[in-house]
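Chemist: If it helps, the file is called my_file-v4.pdb and holds PDB, C-alpha atoms:
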ATOM      1  CA  MET X 248     -11.586 -59.946  79.241
ATOM      2  CA  GLY X 249     -13.801 -62.201  81.317
ATOM      3  CA  ARG X 250     -16.057 -59.287  82.377
ATOM      4  CA  GLN X 251     -19.522 -60.133  83.597
ATOM      5  CA  ARG X 252     -22.502 -57.953  82.721
ATOM      6  CA  PRO X 253     -25.833 -58.036  84.481
ATOM      7  CA  GLY X 254     -28.813 -59.243  82.464
ATOM      8  CA  THR X 255     -28.849 -60.675  78.968
ATOM      9  CA  PRO X 256     -26.036 -59.526  76.650
ATOM     10  CA  THR X 257     -27.245 -57.332  73.783
ATOM     11  CA  LEU X 258     -26.282 -56.994  70.143
ATOM     12  CA  GLU X 259     -24.808 -53.567  70.945
ATOM     13  CA  GLU X 260     -22.557 -55.033  73.642
ATOM     14  CA  VAL X 261     -21.256 -57.659  71.220
ATOM     15  CA  ALA X 262     -20.560 -54.931  68.660
ATOM     16  CA  ALA X 263     -18.703 -52.811  71.222
ATOM     17  CA  LEU X 264     -16.537 -55.711  72.413
ATOM     18  CA  ALA X 265     -15.710 -56.767  68.864
ATOM     19  CA  GLY X 266     -15.037 -53.194  67.765
ATOM     20  CA  VAL X 267     -17.536 -53.292  64.909
ATOM     21  CA  GLY X 268     -20.921 -51.840  64.079
ATOM     22  CA  ARG X 269     -24.268 -53.312  65.084
ATOM     23  CA  GLY X 270     -25.038 -54.183  61.452
ATOM     24  CA  THR X 271     -21.864 -56.250  61.150
ATOM     25  CA  VAL X 272     -22.836 -58.326  64.177
ATOM     26  CA  SER X 273     -26.276 -58.863  62.654
ATOM     27  CA  ARG X 274     -24.734 -60.082  59.404
ATOM     28  CA  VAL X 275     -22.495 -62.540  61.263
ATOM     29  CA  VAL X 276     -25.425 -63.845  63.336
ATOM     30  CA  ASN X 277     -27.448 -64.370  60.140
ATOM     31  CA  ASN X 278     -24.538 -66.010  58.249
ATOM     32  CA  ALA X 279     -24.721 -63.276  55.619
ATOM     33  CA  ALA X 280     -22.017 -62.758  53.023
ATOM     34  CA  GLY X 281     -19.788 -59.711  52.796
ATOM     35  CA  VAL X 282     -17.997 -60.003  56.169
ATOM     36  CA  ARG X 283     -14.198 -60.445  56.282
ATOM     37  CA  ASP X 284     -13.024 -63.661  57.943
ATOM     38  CA  SER X 285     -11.023 -61.734  60.558
ATOM     39  CA  THR X 286     -14.060 -59.602  61.415
ATOM     40  CA  ARG X 287     -16.324 -62.644  61.564
ATOM     41  CA  ARG X 288     -13.913 -64.342  63.986
ATOM     42  CA  ALA X 289     -13.761 -61.245  66.193
ATOM     43  CA  VAL X 290     -17.557 -61.121  66.389
ATOM     44  CA  GLN X 291     -17.779 -64.842  67.113
ATOM     45  CA  ARG X 292     -15.218 -64.462  69.950
ATOM     46  CA  ALA X 293     -17.269 -61.634  71.434
ATOM     47  CA  ILE X 294     -20.455 -63.689  71.194
ATOM     48  CA  ALA X 295     -18.764 -66.591  72.977
ATOM     49  CA  GLU X 296     -17.256 -64.398  75.712
ATOM     50  CA  LEU X 297     -20.500 -62.597  76.483
ATOM     51  CA  GLY X 298     -22.707 -65.653  76.092
ATOM     52  CA  TYR X 299     -24.874 -63.747  73.628
ATOM     53  CA  VAL X 300     -27.865 -65.686  72.256
ATOM     54  CA  PRO X 301     -29.652 -64.193  69.199
ATOM     55  CA  ASN X 302     -33.302 -63.457  69.820
ATOM     56  CA  LEU X 303     -34.612 -65.744  67.094
ATOM     57  CA  ALA X 304     -38.210 -65.273  68.155
ATOM     58  CA  ALA X 305     -37.951 -61.504  67.795
ATOM     59  CA  ARG X 306     -36.188 -61.857  64.456
ATOM     60  CA  SER X 307     -38.901 -64.193  63.207
ATOM     61  CA  LEU X 308     -41.705 -61.893  64.348
ATOM     62  CA  ALA X 309     -40.063 -58.857  62.821
ATOM     63  CA  GLY X 310     -39.606 -60.588  59.487
ATOM     64  CA  HIS X 311     -42.646 -62.848  59.731
ATOM     65  CA  ARG X 312     -40.291 -65.809  59.395
ATOM     66  CA  ALA X 313     -39.964 -69.022  61.373
ATOM     67  CA  ASP X 314     -36.514 -69.797  59.927
ATOM     68  CA  ALA X 315     -37.659 -73.379  59.401
ATOM     69  CA  VAL X 316     -38.799 -75.529  56.490
ATOM     70  CA  ALA X 317     -40.468 -78.935  56.644
ATOM     71  CA  LEU X 318     -39.364 -81.923  54.582
ATOM     72  CA  VAL X 319     -42.446 -84.137  54.420
ATOM     73  CA  MET X 320     -42.712 -87.732  53.248
ATOM     74  CA  THR X 321     -46.191 -88.986  52.456
ATOM     75  CA  GLU X 322     -45.552 -92.744  52.450
ATOM     76  CA  PRO X 323     -47.699 -94.799  54.856
ATOM     77  CA  ASP X 324     -44.727 -96.765  56.204
ATOM     78  CA  TRP X 325     -42.245 -94.799  58.310
ATOM     79  CA  ARG X 326     -39.597 -97.475  57.654
ATOM     80  CA  LEU X 327     -39.206 -96.135  54.115
ATOM     81  CA  PHE X 328     -37.394 -93.162  55.667
ATOM     82  CA  GLY X 329     -34.476 -95.585  55.971
ATOM     83  CA  GLU X 330     -34.361 -96.398  52.253
ATOM     84  CA  PRO X 331     -31.190 -95.072  50.569
ATOM     85  CA  PHE X 332     -33.083 -92.810  48.144
ATOM     86  CA  PHE X 333     -34.772 -90.862  50.929
ATOM     87  CA  THR X 334     -31.567 -90.744  52.948
ATOM     88  CA  GLU X 335     -29.738 -89.220  49.976
ATOM     89  CA  ILE X 336     -32.428 -86.585  49.474
ATOM     90  CA  VAL X 337     -32.396 -85.647  53.167
ATOM     91  CA  HIS X 338     -28.619 -85.244  52.981
ATOM     92  CA  ALA X 339     -28.847 -83.174  49.790
ATOM     93  CA  VAL X 340     -31.485 -80.846  51.235
ATOM     94  CA  GLY X 341     -29.598 -80.566  54.520
ATOM     95  CA  ASP X 342     -26.365 -79.708  52.687
ATOM     96  CA  ALA X 343     -28.176 -77.015  50.695
ATOM     97  CA  LEU X 344     -29.384 -75.411  53.938
ATOM     98  CA  THR X 345     -26.050 -75.655  55.783
ATOM     99  CA  ASP X 346     -25.007 -72.036  55.260
ATOM    100  CA  THR X 347     -28.423 -70.582  56.075
ATOM    101  CA  PRO X 348     -30.147 -69.938  59.428
ATOM    102  CA  VAL X 349     -32.997 -72.235  58.363
ATOM    103  CA  GLN X 350     -33.827 -75.299  60.460
ATOM    104  CA  LEU X 351     -34.892 -78.480  58.620
ATOM    105  CA  LEU X 352     -37.815 -80.379  60.136
ATOM    106  CA  LEU X 353     -38.535 -83.957  59.013
ATOM    107  CA  THR X 354     -42.042 -85.341  59.285
ATOM    108  CA  LEU X 355     -44.246 -88.158  58.039
ATOM    109  CA  VAL X 356     -47.816 -87.463  56.866
ATOM    110  CA  ARG X 357     -49.884 -90.582  56.146
ATOM    111  CA  THR X 358     -53.594 -90.047  56.828
ATOM    112  CA  ASP X 359     -56.280 -87.409  56.251
ATOM    113  CA  THR X 360     -56.086 -86.469  59.931
ATOM    114  CA  GLU X 361     -52.326 -86.051  59.743
ATOM    115  CA  ARG X 362     -52.635 -83.984  56.555
ATOM    116  CA  GLN X 363     -55.068 -81.579  58.190
ATOM    117  CA  ARG X 364     -52.985 -81.405  61.343
ATOM    118  CA  PHE X 365     -49.825 -80.655  59.382
ATOM    119  CA  VAL X 366     -51.492 -77.934  57.299
ATOM    120  CA  GLU X 367     -52.769 -76.269  60.477
ATOM    121  CA  TYR X 368     -49.299 -76.546  62.006
ATOM    122  CA  ALA X 369     -47.665 -75.003  58.936
ATOM    123  CA  ARG X 370     -50.289 -72.249  58.630
ATOM    124  CA  GLY X 371     -49.601 -71.333  62.258
ATOM    125  CA  GLY X 372     -46.306 -69.794  61.210
ATOM    126  CA  ARG X 373     -44.125 -72.639  62.449
ATOM    127  CA  VAL X 374     -42.521 -73.196  59.043
ATOM    128  CA  ASP X 375     -41.804 -70.865  56.125
ATOM    129  CA  GLY X 376     -42.176 -73.486  53.412
ATOM    130  CA  VAL X 377     -42.621 -77.165  52.668
ATOM    131  CA  LEU X 378     -40.657 -79.724  50.644
ATOM    132  CA  LEU X 379     -42.659 -82.823  49.690
ATOM    133  CA  MET X 380     -41.306 -86.300  48.870
ATOM    134  CA  SER X 381     -42.973 -89.434  47.534
ATOM    135  CA  VAL X 382     -46.372 -87.926  46.734
ATOM    136  CA  HIS X 383     -48.875 -90.369  45.212
ATOM    137  CA  ALA X 384     -51.313 -89.529  42.422
ATOM    138  CA  GLU X 385     -54.422 -88.726  44.475
ATOM    139  CA  ASP X 386     -52.709 -87.067  47.436
ATOM    140  CA  PRO X 387     -54.441 -83.722  48.171
ATOM    141  CA  LEU X 388     -51.689 -82.388  50.443
ATOM    142  CA  PRO X 389     -49.897 -80.248  47.783
ATOM    143  CA  ASP X 390     -53.197 -78.566  46.894
ATOM    144  CA  MET X 391     -54.077 -78.050  50.567
ATOM    145  CA  LEU X 392     -50.731 -76.325  51.120
ATOM    146  CA  ALA X 393     -51.148 -74.198  47.988
ATOM    147  CA  GLU X 394     -54.645 -73.125  49.078
ATOM    148  CA  ALA X 395     -53.194 -72.162  52.464
ATOM    149  CA  GLY X 396     -50.672 -69.922  50.698
ATOM    150  CA  LEU X 397     -47.659 -71.923  51.870
ATOM    151  CA  PRO X 398     -44.609 -72.022  49.569
ATOM    152  CA  THR X 399     -44.299 -75.641  48.469
ATOM    153  CA  VAL X 400     -41.880 -77.575  46.243
ATOM    154  CA  MET X 401     -42.341 -81.247  45.364
ATOM    155  CA  LEU X 402     -39.782 -83.906  44.550
ATOM    156  CA  GLY X 403     -41.413 -85.401  41.468
ATOM    157  CA  ARG X 404     -45.034 -84.832  40.478
ATOM    158  CA  ARG X 405     -48.432 -86.428  40.696
ATOM    159  CA  SER X 406     -49.246 -86.240  36.975
ATOM    160  CA  GLY X 407     -48.254 -84.630  33.714
ATOM    161  CA  GLU X 408     -50.514 -81.663  34.541
ATOM    162  CA  GLU X 409     -48.995 -80.823  37.929
ATOM    163  CA  SER X 410     -49.872 -77.315  39.162
ATOM    164  CA  VAL X 411     -47.438 -77.174  42.100
ATOM    165  CA  THR X 412     -43.734 -76.333  41.749
ATOM    166  CA  TYR X 413     -41.633 -79.476  41.392
ATOM    167  CA  VAL X 414     -38.141 -80.759  40.624
ATOM    168  CA  ASP X 415     -37.871 -84.071  38.804
ATOM    169  CA  ALA X 416     -35.461 -86.205  36.808
ATOM    170  CA  ASP X 417     -36.043 -87.249  33.202
ATOM    171  CA  ASN X 418     -37.502 -90.577  34.262
ATOM    172  CA  ALA X 419     -38.915 -91.645  30.916
ATOM    173  CA  GLY X 420     -35.742 -90.683  29.041
ATOM    174  CA  GLY X 421     -33.511 -92.478  31.534
ATOM    175  CA  ALA X 422     -35.550 -95.673  31.321
ATOM    176  CA  ARG X 423     -35.671 -95.467  27.527
ATOM    177  CA  GLY X 424     -31.884 -95.240  27.351
ATOM    178  CA  ALA X 425     -31.390 -98.141  29.756
ATOM    179  CA  VAL X 426     -33.654-100.505  27.824
ATOM    180  CA  ALA X 427     -32.130 -99.420  24.502
ATOM    181  CA  TYR X 428     -28.727-100.356  25.944
ATOM    182  CA  LEU X 429     -30.021-103.838  26.826
ATOM    183  CA  LEU X 430     -31.473-104.285  23.346
ATOM    184  CA  ASP X 431     -28.218-103.173  21.720
ATOM    185  CA  ALA X 432     -26.408-105.754  23.872
ATOM    186  CA  GLY X 433     -28.549-108.500  22.297
ATOM    187  CA  ARG X 434     -31.028-109.070  25.136
ATOM    188  CA  SER X 435     -34.409-110.131  23.787
ATOM    189  CA  THR X 436     -36.664-110.997  26.739
ATOM    190  CA  ILE X 437     -36.497-107.937  28.948
ATOM    191  CA  GLY X 438     -38.685-107.820  32.021
ATOM    192  CA  ALA X 439     -39.649-104.666  33.903
ATOM    193  CA  VAL X 440     -40.064-104.344  37.662
ATOM    194  CA  SER X 441     -41.972-101.108  38.116
ATOM    195  CA  GLY X 442     -42.679 -99.110  41.224
ATOM    196  CA  PRO X 443     -46.272 -98.614  42.416
ATOM    197  CA  LEU X 444     -48.170 -97.228  39.435
ATOM    198  CA  ASP X 445     -50.160 -94.725  41.491
ATOM    199  CA  MET X 446     -46.912 -92.729  41.456
ATOM    200  CA  TYR X 447     -46.100 -90.726  38.342
ATOM    201  CA  VAL X 448     -42.394 -91.526  38.614
ATOM    202  CA  ALA X 449     -43.195 -95.234  38.215
ATOM    203  CA  GLN X 450     -45.509 -94.510  35.284
ATOM    204  CA  CYS X 451     -42.805 -92.487  33.519
ATOM    205  CA  ARG X 452     -40.110 -95.138  33.961
ATOM    206  CA  LEU X 453     -42.461 -97.823  32.687
ATOM    207  CA  ARG X 454     -43.378 -95.613  29.737
ATOM    208  CA  GLY X 455     -39.685 -95.240  28.857
ATOM    209  CA  TYR X 456     -39.286 -99.037  28.974
ATOM    210  CA  ARG X 457     -42.189 -99.484  26.554
ATOM    211  CA  GLU X 458     -41.032 -96.703  24.243
ATOM    212  CA  ALA X 459     -37.589 -98.279  23.888
ATOM    213  CA  LEU X 460     -39.113-101.642  22.943
ATOM    214  CA  GLU X 461     -41.489 -99.993  20.485
ATOM    215  CA  SER X 462     -38.658 -98.061  18.824
ATOM    216  CA  ALA X 463     -36.790-101.319  18.323
ATOM    217  CA  GLY X 464     -39.852-103.074  16.902
ATOM    218  CA  VAL X 465     -40.124-105.407  19.904
ATOM    219  CA  ALA X 466     -43.555-106.278  21.268
ATOM    220  CA  ALA X 467     -44.058-104.998  24.813
ATOM    221  CA  GLU X 468     -45.735-108.011  26.426
ATOM    222  CA  GLU X 469     -47.740-107.151  29.529
ATOM    223  CA  SER X 470     -46.659-110.422  31.132
ATOM    224  CA  LEU X 471     -43.097-109.037  31.171
ATOM    225  CA  VAL X 472     -44.129-106.224  33.531
ATOM    226  CA  VAL X 473     -44.619-106.750  37.264
ATOM    227  CA  GLU X 474     -45.677-103.851  39.483
ATOM    228  CA  GLY X 475     -43.842-103.593  42.762
ATOM    229  CA  SER X 476     -45.896-102.748  45.842
ATOM    230  CA  ASP X 477     -43.267-100.137  46.748
ATOM    231  CA  PHE X 478     -39.638 -99.306  45.920
ATOM    232  CA  THR X 479     -38.060-101.676  48.459
ATOM    233  CA  GLU X 480     -35.645-104.568  47.967
ATOM    234  CA  GLU X 481     -38.255-107.056  49.161
ATOM    235  CA  SER X 482     -40.662-105.848  46.506
ATOM    236  CA  GLY X 483     -37.995-106.221  43.818
ATOM    237  CA  HIS X 484     -37.267-109.781  44.925
ATOM    238  CA  ARG X 485     -40.931-110.808  44.795
ATOM    239  CA  ALA X 486     -41.527-109.177  41.403
ATOM    240  CA  THR X 487     -38.452-110.759  39.811
ATOM    241  CA  ALA X 488     -39.369-114.199  41.140
ATOM    242  CA  GLU X 489     -42.760-113.748  39.480
ATOM    243  CA  LEU X 490     -41.107-112.711  36.211
ATOM    244  CA  LEU X 491     -38.996-115.870  36.257
ATOM    245  CA  THR X 492     -42.099-117.978  36.801
ATOM    246  CA  ARG X 493     -43.843-116.337  33.864
ATOM    247  CA  HIS X 494     -40.784-116.255  31.583
ATOM    248  CA  PRO X 495     -38.053-118.784  32.393
ATOM    249  CA  GLU X 496     -36.235-117.542  29.270
ATOM    250  CA  LEU X 497     -35.854-114.046  30.805
ATOM    251  CA  ASP X 498     -32.460-112.573  29.894
ATOM    252  CA  ALA X 499     -32.696-109.006  31.260
ATOM    253  CA  VAL X 500     -34.478-107.006  33.962
ATOM    254  CA  PHE X 501     -35.016-103.267  34.038
ATOM    255  CA  ALA X 502     -35.863-102.285  37.611
ATOM    256  CA  ALA X 503     -37.377 -98.870  38.368
ATOM    257  CA  SER X 504     -35.036 -98.201  41.310
ATOM    258  CA  ASP X 505     -31.730 -99.453  42.664
ATOM    259  CA  THR X 506     -33.415-101.031  45.683
ATOM    260  CA  LEU X 507     -35.783-102.911  43.368
ATOM    261  CA  ALA X 508     -32.730-103.959  41.337
ATOM    262  CA  ALA X 509     -30.985-105.219  44.486
ATOM    263  CA  GLY X 510     -34.046-107.370  45.128
ATOM    264  CA  ALA X 511     -33.910-108.581  41.534
ATOM    265  CA  LEU X 512     -30.282-109.651  41.994
ATOM    266  CA  SER X 513     -31.143-111.654  45.110
ATOM    267  CA  ALA X 514     -34.071-113.380  43.344
ATOM    268  CA  LEU X 515     -31.899-114.284  40.364
ATOM    269  CA  ARG X 516     -29.191-115.627  42.664
ATOM    270  CA  ALA X 517     -31.766-117.729  44.521
ATOM    271  CA  ALA X 518     -32.950-119.123  41.171
ATOM    272  CA  GLY X 519     -29.412-120.066  40.128
ATOM    273  CA  ARG X 520     -29.198-117.426  37.377
ATOM    274  CA  ARG X 521     -25.860-115.751  36.737
ATOM    275  CA  VAL X 522     -25.687-111.966  36.358
ATOM    276  CA  PRO X 523     -24.950-110.756  33.743
ATOM    277  CA  GLN X 524     -24.174-113.992  31.861
ATOM    278  CA  ASP X 525     -27.733-115.347  32.064
ATOM    279  CA  VAL X 526     -29.713-112.232  33.009
ATOM    280  CA  ALA X 527     -28.582-108.610  32.824
ATOM    281  CA  VAL X 528     -29.925-106.145  35.395
ATOM    282  CA  ILE X 529     -30.224-102.353  35.276
ATOM    283  CA  GLY X 530     -31.538-100.166  38.084
ATOM    284  CA  PHE X 531     -32.390 -96.501  38.452
ATOM    285  CA  ASP X 532     -31.069 -93.828  40.894
ATOM    286  CA  ASP X 533     -27.321 -94.463  41.470
ATOM    287  CA  PHE X 534     -27.090 -93.655  45.135
ATOM    288  CA  HIS X 535     -24.767 -95.272  47.647
ATOM    289  CA  PRO X 536     -26.664 -98.293  49.002
ATOM    290  CA  ALA X 537     -26.418 -99.562  52.543
ATOM    291  CA  ARG X 538     -24.385-102.443  51.119
ATOM    292  CA  PRO X 539     -22.811-102.803  47.646
ATOM    293  CA  THR X 540     -24.472-105.116  45.164
ATOM    294  CA  ASP X 541     -22.792-108.186  43.708
ATOM    295  CA  PRO X 542     -22.073-107.653  40.878
ATOM    296  CA  PRO X 543     -21.839-103.832  40.891
ATOM    297  CA  LEU X 544     -25.042-102.416  39.471
ATOM    298  CA  THR X 545     -25.470-100.806  36.082
ATOM    299  CA  THR X 546     -27.979 -98.030  36.669
ATOM    300  CA  VAL X 547     -29.496 -94.760  35.526
ATOM    301  CA  ARG X 548     -28.023 -91.937  37.572
ATOM    302  CA  GLN X 549     -30.332 -89.155  38.588
ATOM    303  CA  PRO X 550     -28.546 -86.121  40.072
ATOM    304  CA  LEU X 551     -29.825 -86.359  43.661
ATOM    305  CA  GLN X 552     -27.557 -83.632  45.046
ATOM    306  CA  GLU X 553     -28.631 -81.265  42.284
ATOM    307  CA  ILE X 554     -32.275 -82.202  42.869
ATOM    308  CA  GLY X 555     -31.960 -81.345  46.572
ATOM    309  CA  ARG X 556     -30.178 -78.047  45.872
ATOM    310  CA  THR X 557     -32.729 -77.057  43.236
ATOM    311  CA  MET X 558     -35.661 -77.856  45.524
ATOM    312  CA  VAL X 559     -34.190 -75.636  48.231
ATOM    313  CA  ARG X 560     -33.424 -72.830  45.771
ATOM    314  CA  LEU X 561     -36.939 -72.817  44.336
ATOM    315  CA  LEU X 562     -38.467 -72.913  47.817
ATOM    316  CA  GLN X 563     -36.313 -69.987  48.969
ATOM    317  CA  GLU X 564     -37.390 -68.009  45.909
ATOM    318  CA  GLU X 565     -41.044 -68.748  46.637
ATOM    319  CA  MET X 566     -40.615 -67.749  50.280
ATOM    320  CA  GLU X 567     -38.927 -64.479  49.322
ATOM    321  CA  ASP X 568     -41.007 -63.526  46.290
ATOM    322  CA  SER X 569     -44.463 -64.904  47.109
ATOM    323  CA  PRO X 570     -46.758 -64.991  45.286
ATOM    324  CA  VAL X 571     -44.846 -66.567  42.411
ATOM    325  CA  ALA X 572     -45.998 -68.719  39.515
ATOM    326  CA  TRP X 573     -45.273 -72.413  39.919
ATOM    327  CA  ARG X 574     -42.245 -73.759  38.085
ATOM    328  CA  HIS X 575     -41.314 -77.168  36.729
ATOM    329  CA  VAL X 576     -37.669 -78.275  36.546
ATOM    330  CA  ILE X 577     -36.616 -81.574  34.945
ATOM    331  CA  LEU X 578     -32.978 -82.622  35.265
ATOM    332  CA  ARG X 579     -31.012 -84.936  32.994
ATOM    333  CA  THR X 580     -30.127 -88.533  33.816
ATOM    334  CA  GLU X 581     -27.127 -90.611  32.779
ATOM    335  CA  LEU X 582     -26.597 -94.348  32.230
ATOM    336  CA  VAL X 583     -23.727 -95.650  34.370
ATOM    337  CA  VAL X 584     -22.443 -98.991  33.080
ATOM    338  CA  ARG X 585     -21.041-101.458  35.604
ATOM    339  CA  ASP X 586     -20.858-105.250  35.808
ATOM    340  CA  SER X 587     -24.545-106.242  36.091
ATOM    341  CA  ALA X 588     -25.272-105.414  32.436
TER
END
Take the structure in the file and write it out as structure tokens.

Modeler:
Amino acid sequence: MGRQRPGTPTLEEVAALAGVGRGTVSRVVNNAAGVRDSTRRAVQRAIAELGYVPNLAARSLAGHRADAVALVMTEPDWRLFGEPFFTEIVHAVGDALTDTPVQLLLTLVRTDTERQRFVEYARGGRVDGVLLMSVHAEDPLPDMLAEAGLPTVMLGRRSGEESVTYVDADNAGGARGAVAYLLDAGRSTIGAVSGPLDMYVAQCRLRGYREALESAGVAAEESLVVEGSDFTEESGHRATAELLTRHPELDAVFAASDTLAAGALSALRAAGRRVPQDVAVIGFDDFHPARPTDPPLTTVRQPLQEIGRTMVRLLQEEMEDSPVAWRHVILRTELVVRDSA
């Protein structure tokens, strides 16, 4: 024990010290399954004693792998990285990669120059695949990555005819169920605070709102819809204040995200409206906000952990089996009733 060897320790030396074969050491280094816990511990002790460092560059060259994937957000404002939705997705993706040798890289791509630079970076072999968040309708980045032959999976989609692999929640169905719940509760003047309508997710949630009203025989007045500039709390506050100006008789708000709903609650409080006695509020997402809402928010839960895991699984399949046909996965939502409605 405590022996020193000249030069850099090798895989063979680790195997000899641990009393196992070279292949077993390789499986431990790569976090592969099929190794007994006692054997794994013996190999890890040998690695620590010898100071062995896996030659990741050689492994990557041999397998043409960088052992890295990029998680890219395409919003123009870097501060949106701090919004709870994006934080939850980063955590979900990170958790899904925990037991793999893959490094997660986070980046922001906002301009044409940054798009081109990122595509060149990715094509240079620095990442094995790309996960995209918050892609707007006219964003060419998914197509640029596809043309470059880079495995790519999107969170959400740009349109109903998306040709890149994506994972999404049933946004229209979730919104439809939320508004139907408000109607069943006797609410009659239901406003909608949408997200920016150049994003398909906002279009789908607004469509679900309108479909629920139509099914109940209620006219969907355009003056009851205010488009948020983004999905932030500030945007929700401004939009709800505008709704109150247009419709003082407002008795419910469907907000297209929980952060928009938090802004709606603050605007209603500032206007002296009680929630839910005067105005009921429903959001969409059901993540853990930076601070709890008062009252606790009724919302549409989308399975963010499952979304993150599914994105990673589809990307791994594309990286391993390329070329592969694009796939579309839509996951169910659930209405979670709390005190705001």

Chemist: Counting all atoms listed in the file, which residue out of X:Val547, X:Leu392, X:Val276, X:Leu512 sits closest to Ala422 of chain X?

Modeler: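 Of the candidates, the smallest distance to Ala422 of chain X is held by X:Val547.
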
Chemist: Using the chain letters and numbering of this document, enumerate as a list in words the residues selected by the PyMOL selection byres ((chain X and resi 503) around 8).

Modeler: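 On this input, the PyMOL selection byres ((chain X and resi 503) around 8) captures Ala422, Ala439, Val440, Ser441, Gly442, Ala449, Arg452, Leu453, Phe478, Phe501, Ala502, Ser504, Asp505, Leu507, Ala508, Gly530 and Phe531 of chain X.
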
Chemist: Using C-alpha atoms, can you write the selected residues to a file as a short mmCIF file (atom, residue, chain, number, x, y, z; two decimals), in the frame of the given file?

Modeler:
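Result file again.cif:
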data_model
loop_
_atom_site.label_atom_id
_atom_site.label_comp_id
_atom_site.auth_asym_id
_atom_site.auth_seq_id
_atom_site.Cartn_x
_atom_site.Cartn_y
_atom_site.Cartn_z
CA ALA X 422 -35.55 -95.67 31.32
CA ALA X 439 -39.65 -104.67 33.90
CA VAL X 440 -40.06 -104.34 37.66
CA SER X 441 -41.97 -101.11 38.12
CA GLY X 442 -42.68 -99.11 41.22
CA ALA X 449 -43.20 -95.23 38.22
CA ARG X 452 -40.11 -95.14 33.96
CA LEU X 453 -42.46 -97.82 32.69
CA PHE X 478 -39.64 -99.31 45.92
CA PHE X 501 -35.02 -103.27 34.04
CA ALA X 502 -35.86 -102.28 37.61
CA SER X 504 -35.04 -98.20 41.31
CA ASP X 505 -31.73 -99.45 42.66
CA LEU X 507 -35.78 -102.91 43.37
CA ALA X 508 -32.73 -103.96 41.34
CA GLY X 530 -31.54 -100.17 38.08
CA PHE X 531 -32.39 -96.50 38.45
#

Chemist: Please evaluate the PyMOL selection byres ((chain X and resi 447) around 6) against the displayed coordinates and give the resulting residues as a list in words.

Modeler: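 Given this file, the PyMOL selection byres ((chain X and resi 447) around 6) evaluates to Arg405, Ser406, Met446, Val448, Ala449 and Gln450 of chain X.
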
Chemist: Let's have the selection written as a CSV table (one decimal), keeping the file's coordinate frame, with C-alpha atoms.

Modeler:
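For reference, out_30.csv as written:
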chain,number,residue,atom,x,y,z
X,405,ARG,CA,-48.4,-86.4,40.7
X,406,SER,CA,-49.2,-86.2,37.0
X,446,MET,CA,-46.9,-92.7,41.5
X,448,VAL,CA,-42.4,-91.5,38.6
X,449,ALA,CA,-43.2,-95.2,38.2
X,450,GLN,CA,-45.5,-94.5,35.3

Chemist: How far is it from atom CA of Met380 of chain X to atom CA of Leu471 of chain X, in Å with one decimal?

Modeler: 28.9 Å

Chemist: Have a look at atom CA of Ile554 of chain X and atom CA of Val414 of chain X and let me know their distance in Å, one decimal.

Modeler: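 Computed distance, atom CA of Ile554 of chain X to atom CA of Val414 of chain X, equals 6.4 Å.
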
Chemist: Please provide the set of residues having any atom within 8 Å of Gly510 of chain X, restricted to all atoms listed in the file, with same-chain residues fewer than 4 positions apart removed, written as a PDB file with C-alpha atoms, in the frame of the given file.

Modeler:
ATOM      1  CA  THR X 479     -38.060-101.676  48.459  1.00  0.00           C
ATOM      2  CA  GLU X 480     -35.645-104.568  47.967  1.00  0.00           C
ATOM      3  CA  GLU X 481     -38.255-107.056  49.161  1.00  0.00           C
ATOM      4  CA  SER X 482     -40.662-105.848  46.506  1.00  0.00           C
ATOM      5  CA  GLY X 483     -37.995-106.221  43.818  1.00  0.00           C
ATOM      6  CA  HIS X 484     -37.267-109.781  44.925  1.00  0.00           C
ATOM      7  CA  ARG X 485     -40.931-110.808  44.795  1.00  0.00           C
ATOM      8  CA  THR X 487     -38.452-110.759  39.811  1.00  0.00           C
ATOM      9  CA  THR X 506     -33.415-101.031  45.683  1.00  0.00           C
ATOM     10  CA  ALA X 514     -34.071-113.380  43.344  1.00  0.00           C
TER      11      ALA X 514
END

Chemist: For Leu388 of chain X, which residue out of X:Val282, X:Ala463, X:Met320, X:Val290 is the nearest one, using only C-alpha atoms?

Modeler: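 Using only C-alpha atoms, Leu388 of chain X sits closest to X:Met320.
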
Chemist: Please determine, counting all atoms listed in the file, which residue among X:Arg560, X:Arg362, X:Arg521, X:Arg357 has the shortest atom-to-atom distance to Pro398 of chain X.

Modeler: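 The closest residue to Pro398 of chain X is X:Arg560.
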
Chemist: Name the residues in contact with Ala313 of chain X at a cut-off of 7 Å, using all atoms listed in the file, excluding same-chain residues fewer than 5 positions from it; report them as a count of residues only.

Modeler: 5

Chemist: I want to know what sits within 8 Å of Val337 of chain X, based on only C-alpha atoms, with residues of the same chain fewer than 4 positions away left out; could you give that as a ChimeraX atom specification?

Modeler: /X:333,341,555

Chemist: Suppose you want the space between atom CA of Leu355 of chain X and atom CA of Tyr413 of chain X; what is it in Å?

Modeler: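 Atom CA of Tyr413 of chain X lies 19.0 Å from atom CA of Leu355 of chain X.
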
Chemist: For Ala419 of chain X, which residue out of X:Ile577, X:Leu515, X:Val377, X:Leu353 is the nearest one, using only C-alpha atoms?

Modeler: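 Nearest candidate to Ala419 of chain X out of X:Ile577, X:Leu515, X:Val377, X:Leu353: X:Ile577.
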
Chemist: Go through X:Val411, X:Leu379, X:Ile529, X:Leu318 one by one, measure the shortest atom-to-atom distance of each to Glu394 of chain X using only C-alpha atoms, and give the residue with the smallest value.

Modeler: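 The answer is X:Val411, which sits nearest to Glu394 of chain X.
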
Chemist: Quick one: residues within 12 Å of (-22.0, -58.1, 70.4) (file frame), counting all atoms listed in the file, please, as a VMD selection string.

Modeler: chain X and resid 255 to 276 287 289 to 301
